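A short worksheet on the structure shown next.
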Amino acid sequence: MTIPKYIMDAAKETETKSGVAMAALLDFYQCAERHRKKVVKQQVLAMEDEYTFERWWQLYDKKIGKENCMEKWSRLTFDERKKATECTPAYVASTPNIRFRKAPLTWLNQKCWNDELPEPERLEEANAERFMDYFNDIVSGTDIPLLTVMDEHRRHLLNVIYTHRKYDIPKVLEKVRDSSRLSTIDSHGRRCTFEFIFNEENFLRILEGYYDD
């Protein structure tokens, strides 16, 4: 558990003035925090209405800072929980790229259920057929499967990257081709695929050199 600086400073000052060991004070703080979080969780779970935290958490679908969000949820009024739950699907639909969706605690703190929704994100359409030829030319001679079909799922993956990172695509594919970890079948018989490369998180890791030799 991370202890805030102001708590550390207060414990140090108390130790100096009263002789109470700083470690004991910090242990007490940590115990109190664990108890407080347990109580908050119990309160949230005990809310007997259809606008539960877990329902909202699953709708929002950006899993960051769950405990803090749960604590904030416990302090919302019934009407606020209702509005938050009912407005979340529309907000999520307007931000399909999860990286550009607000952190859930920020969304709750700012009461964003009262905001006008942004325009739905429009993905740029890449030329799928030309891209297949380009992709296959780059990875030929490696163990990466060639593209023979560009189905809807693959088109979506390509268009997300094309919209936000189009100028990085050549560099990433060259890195994939030149990486012994990605261009060959591993000891478990697994090999890199188009779906792996054009997953947003993997794409950035490749770009940042995570798989470089």
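We label chains A, B, ... in the order they appear in the structure tokens, count residues from 1 in each chain, and number ligands from 1 in the order shown.
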
Leaving out segment 201-213 of chain A and any residue of its chain fewer than 3 positions from it, which residues lie within 8 Å of it when counting only C-alpha atoms, given as a ChimeraX atom specification?
-> /A:168,171-172,175-176,178-182,196-198

Produce a file of the selected residues containing C-alpha atoms, as a PDB file, in the first residue's frame.
```
ATOM      1  CA  ASP A 168       4.248   4.026 -38.151  1.00  0.00           C
ATOM      2  CA  LYS A 171       8.418   0.881 -39.478  1.00  0.00           C
ATOM      3  CA  VAL A 172       6.512  -1.619 -37.341  1.00  0.00           C
ATOM      4  CA  LYS A 175      10.712  -4.351 -37.119  1.00  0.00           C
ATOM      5  CA  VAL A 176       8.532  -7.470 -37.156  1.00  0.00           C
ATOM      6  CA  ASP A 178      13.770  -8.162 -38.625  1.00  0.00           C
ATOM      7  CA  SER A 179      12.919  -9.543 -35.172  1.00  0.00           C
ATOM      8  CA  SER A 180      13.983 -13.146 -34.617  1.00  0.00           C
ATOM      9  CA  ARG A 181      11.333 -13.398 -31.864  1.00  0.00           C
ATOM     10  CA  LEU A 182       8.481 -12.390 -34.178  1.00  0.00           C
ATOM     11  CA  PHE A 196      -1.016  -9.966 -32.932  1.00  0.00           C
ATOM     12  CA  ILE A 197       0.798  -7.178 -34.782  1.00  0.00           C
ATOM     13  CA  PHE A 198      -2.286  -4.963 -35.192  1.00  0.00           C
TER      14      PHE A 198
END
```

Name the residues in contact with Glu80 of chain A at a cut-off of 12 Å, using only C-alpha atoms, excluding same-chain residues fewer than 3 positions from it; report them as a list in words.
->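 Once the nearby chain positions are removed, what remains is Tyr51, Thr52, Phe53, Trp56, Lys72, Trp73, Ser74, Arg75, Leu76, Thr77, Lys83, Ala84, Thr85, Glu86, Cys87, Thr88, Leu108, Asn109, Gln110, Lys111, Cys112, Trp113 and Asn114 of chain A.
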
So what do you get for atom CA of Glu125 of chain A versus atom CA of Lys166 of chain A, distance-wise?
->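 Separating atom CA of Glu125 of chain A from atom CA of Lys166 of chain A is a distance of 10.9 Å.
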
Residues of segment 77-208 of chain A in alpha helix (DSSP H), written as a PDB file with C-alpha atoms, in the first residue's frame:
```pdb
ATOM      1  CA  PHE A  78     -29.252   7.229  -6.266  1.00  0.00           C
ATOM      2  CA  ASP A  79     -30.023   9.694  -9.076  1.00  0.00           C
ATOM      3  CA  GLU A  80     -26.300  10.078  -9.878  1.00  0.00           C
ATOM      4  CA  ARG A  81     -25.791   6.306  -9.994  1.00  0.00           C
ATOM      5  CA  LYS A  82     -28.820   6.015 -12.245  1.00  0.00           C
ATOM      6  CA  LYS A  83     -27.603   8.732 -14.633  1.00  0.00           C
ATOM      7  CA  ALA A  84     -24.074   7.334 -14.667  1.00  0.00           C
ATOM      8  CA  THR A  85     -25.301   3.839 -15.506  1.00  0.00           C
ATOM      9  CA  GLU A  86     -27.722   4.999 -18.181  1.00  0.00           C
ATOM     10  CA  CYS A  87     -25.282   7.389 -19.868  1.00  0.00           C
ATOM     11  CA  THR A  88     -22.249   5.121 -19.892  1.00  0.00           C
ATOM     12  CA  PRO A  89     -23.193   2.949 -22.933  1.00  0.00           C
ATOM     13  CA  ALA A  90     -23.531   6.042 -25.135  1.00  0.00           C
ATOM     14  CA  TYR A  91     -20.203   7.445 -23.901  1.00  0.00           C
ATOM     15  CA  VAL A  92     -18.462   4.116 -24.483  1.00  0.00           C
ATOM     16  CA  ALA A  93     -19.947   3.915 -27.981  1.00  0.00           C
ATOM     17  CA  SER A  94     -18.581   7.405 -28.706  1.00  0.00           C
ATOM     18  CA  PRO A 104     -13.163   5.848 -14.939  1.00  0.00           C
ATOM     19  CA  LEU A 105     -12.464   7.776 -11.728  1.00  0.00           C
ATOM     20  CA  THR A 106     -12.023  10.986 -13.727  1.00  0.00           C
ATOM     21  CA  TRP A 107     -15.345  10.336 -15.465  1.00  0.00           C
ATOM     22  CA  LEU A 108     -17.088   9.891 -12.108  1.00  0.00           C
ATOM     23  CA  ASN A 109     -15.374  12.831 -10.398  1.00  0.00           C
ATOM     24  CA  ALA A 128      -7.466  -3.466 -47.535  1.00  0.00           C
ATOM     25  CA  GLU A 129      -6.580  -5.173 -50.810  1.00  0.00           C
ATOM     26  CA  ARG A 130      -3.495  -3.035 -51.422  1.00  0.00           C
ATOM     27  CA  PHE A 131      -2.492  -3.466 -47.807  1.00  0.00           C
ATOM     28  CA  MET A 132      -2.687  -7.279 -48.089  1.00  0.00           C
ATOM     29  CA  ASP A 133      -0.189  -7.193 -50.957  1.00  0.00           C
ATOM     30  CA  TYR A 134       2.081  -4.837 -49.021  1.00  0.00           C
ATOM     31  CA  PHE A 135       1.893  -6.933 -45.834  1.00  0.00           C
ATOM     32  CA  ASN A 136       2.578 -10.178 -47.679  1.00  0.00           C
ATOM     33  CA  ASP A 137       5.540  -8.649 -49.503  1.00  0.00           C
ATOM     34  CA  ILE A 138       7.098  -7.465 -46.207  1.00  0.00           C
ATOM     35  CA  VAL A 139       6.680 -10.752 -44.319  1.00  0.00           C
ATOM     36  CA  GLU A 152     -14.383  -7.585 -40.927  1.00  0.00           C
ATOM     37  CA  HIS A 153     -12.366  -8.182 -37.759  1.00  0.00           C
ATOM     38  CA  ARG A 154      -9.067  -7.706 -39.583  1.00  0.00           C
ATOM     39  CA  ARG A 155     -10.392  -4.623 -41.364  1.00  0.00           C
ATOM     40  CA  HIS A 156     -11.339  -3.090 -38.023  1.00  0.00           C
ATOM     41  CA  LEU A 157      -7.904  -3.787 -36.497  1.00  0.00           C
ATOM     42  CA  LEU A 158      -6.205  -2.302 -39.548  1.00  0.00           C
ATOM     43  CA  ASN A 159      -8.428   0.788 -39.628  1.00  0.00           C
ATOM     44  CA  VAL A 160      -7.890   1.571 -35.922  1.00  0.00           C
ATOM     45  CA  ILE A 161      -4.115   1.560 -36.416  1.00  0.00           C
ATOM     46  CA  TYR A 162      -4.414   3.325 -39.775  1.00  0.00           C
ATOM     47  CA  THR A 163      -6.450   6.127 -38.187  1.00  0.00           C
ATOM     48  CA  HIS A 164      -4.037   6.818 -35.347  1.00  0.00           C
ATOM     49  CA  ARG A 165      -0.664   5.424 -36.450  1.00  0.00           C
ATOM     50  CA  ILE A 169       2.947   0.975 -40.031  1.00  0.00           C
ATOM     51  CA  PRO A 170       5.980   0.561 -42.375  1.00  0.00           C
ATOM     52  CA  LYS A 171       8.418   0.881 -39.478  1.00  0.00           C
ATOM     53  CA  VAL A 172       6.512  -1.619 -37.341  1.00  0.00           C
ATOM     54  CA  LEU A 173       6.282  -4.194 -40.121  1.00  0.00           C
ATOM     55  CA  GLU A 174       9.996  -3.840 -40.819  1.00  0.00           C
ATOM     56  CA  LYS A 175      10.712  -4.351 -37.119  1.00  0.00           C
ATOM     57  CA  VAL A 176       8.532  -7.470 -37.156  1.00  0.00           C
ATOM     58  CA  ARG A 177      10.354  -8.832 -40.188  1.00  0.00           C
ATOM     59  CA  ASP A 178      13.770  -8.162 -38.625  1.00  0.00           C
ATOM     60  CA  SER A 180      13.983 -13.146 -34.617  1.00  0.00           C
ATOM     61  CA  ARG A 181      11.333 -13.398 -31.864  1.00  0.00           C
ATOM     62  CA  LEU A 182       8.481 -12.390 -34.178  1.00  0.00           C
ATOM     63  CA  SER A 183       9.547 -13.630 -37.591  1.00  0.00           C
ATOM     64  CA  PHE A 194      -1.520 -10.134 -38.344  1.00  0.00           C
ATOM     65  CA  GLU A 195      -3.928 -10.076 -35.383  1.00  0.00           C
ATOM     66  CA  PHE A 196      -1.016  -9.966 -32.932  1.00  0.00           C
ATOM     67  CA  ILE A 197       0.798  -7.178 -34.782  1.00  0.00           C
ATOM     68  CA  GLU A 200      -2.989  -1.675 -30.396  1.00  0.00           C
ATOM     69  CA  GLU A 201      -0.940  -2.603 -27.335  1.00  0.00           C
ATOM     70  CA  ASN A 202       1.304  -4.997 -29.259  1.00  0.00           C
ATOM     71  CA  PHE A 203       1.711  -2.495 -32.107  1.00  0.00           C
ATOM     72  CA  LEU A 204       3.088   0.118 -29.689  1.00  0.00           C
ATOM     73  CA  ARG A 205       5.363  -2.403 -27.979  1.00  0.00           C
ATOM     74  CA  ILE A 206       6.825  -3.382 -31.351  1.00  0.00           C
ATOM     75  CA  LEU A 207       7.255   0.288 -32.297  1.00  0.00           C
TER      76      LEU A 207
END
```

What is the distance, in Å and to one decimal place, between atom CA of Arg101 of chain A and atom CA of Tyr60 of chain A?
-> 9.2 Å

Suppose you want the space between atom CA of Arg190 of chain A and atom CA of Ser140 of chain A; what is it in Å?
->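 A separation of 17.4 Å between them.
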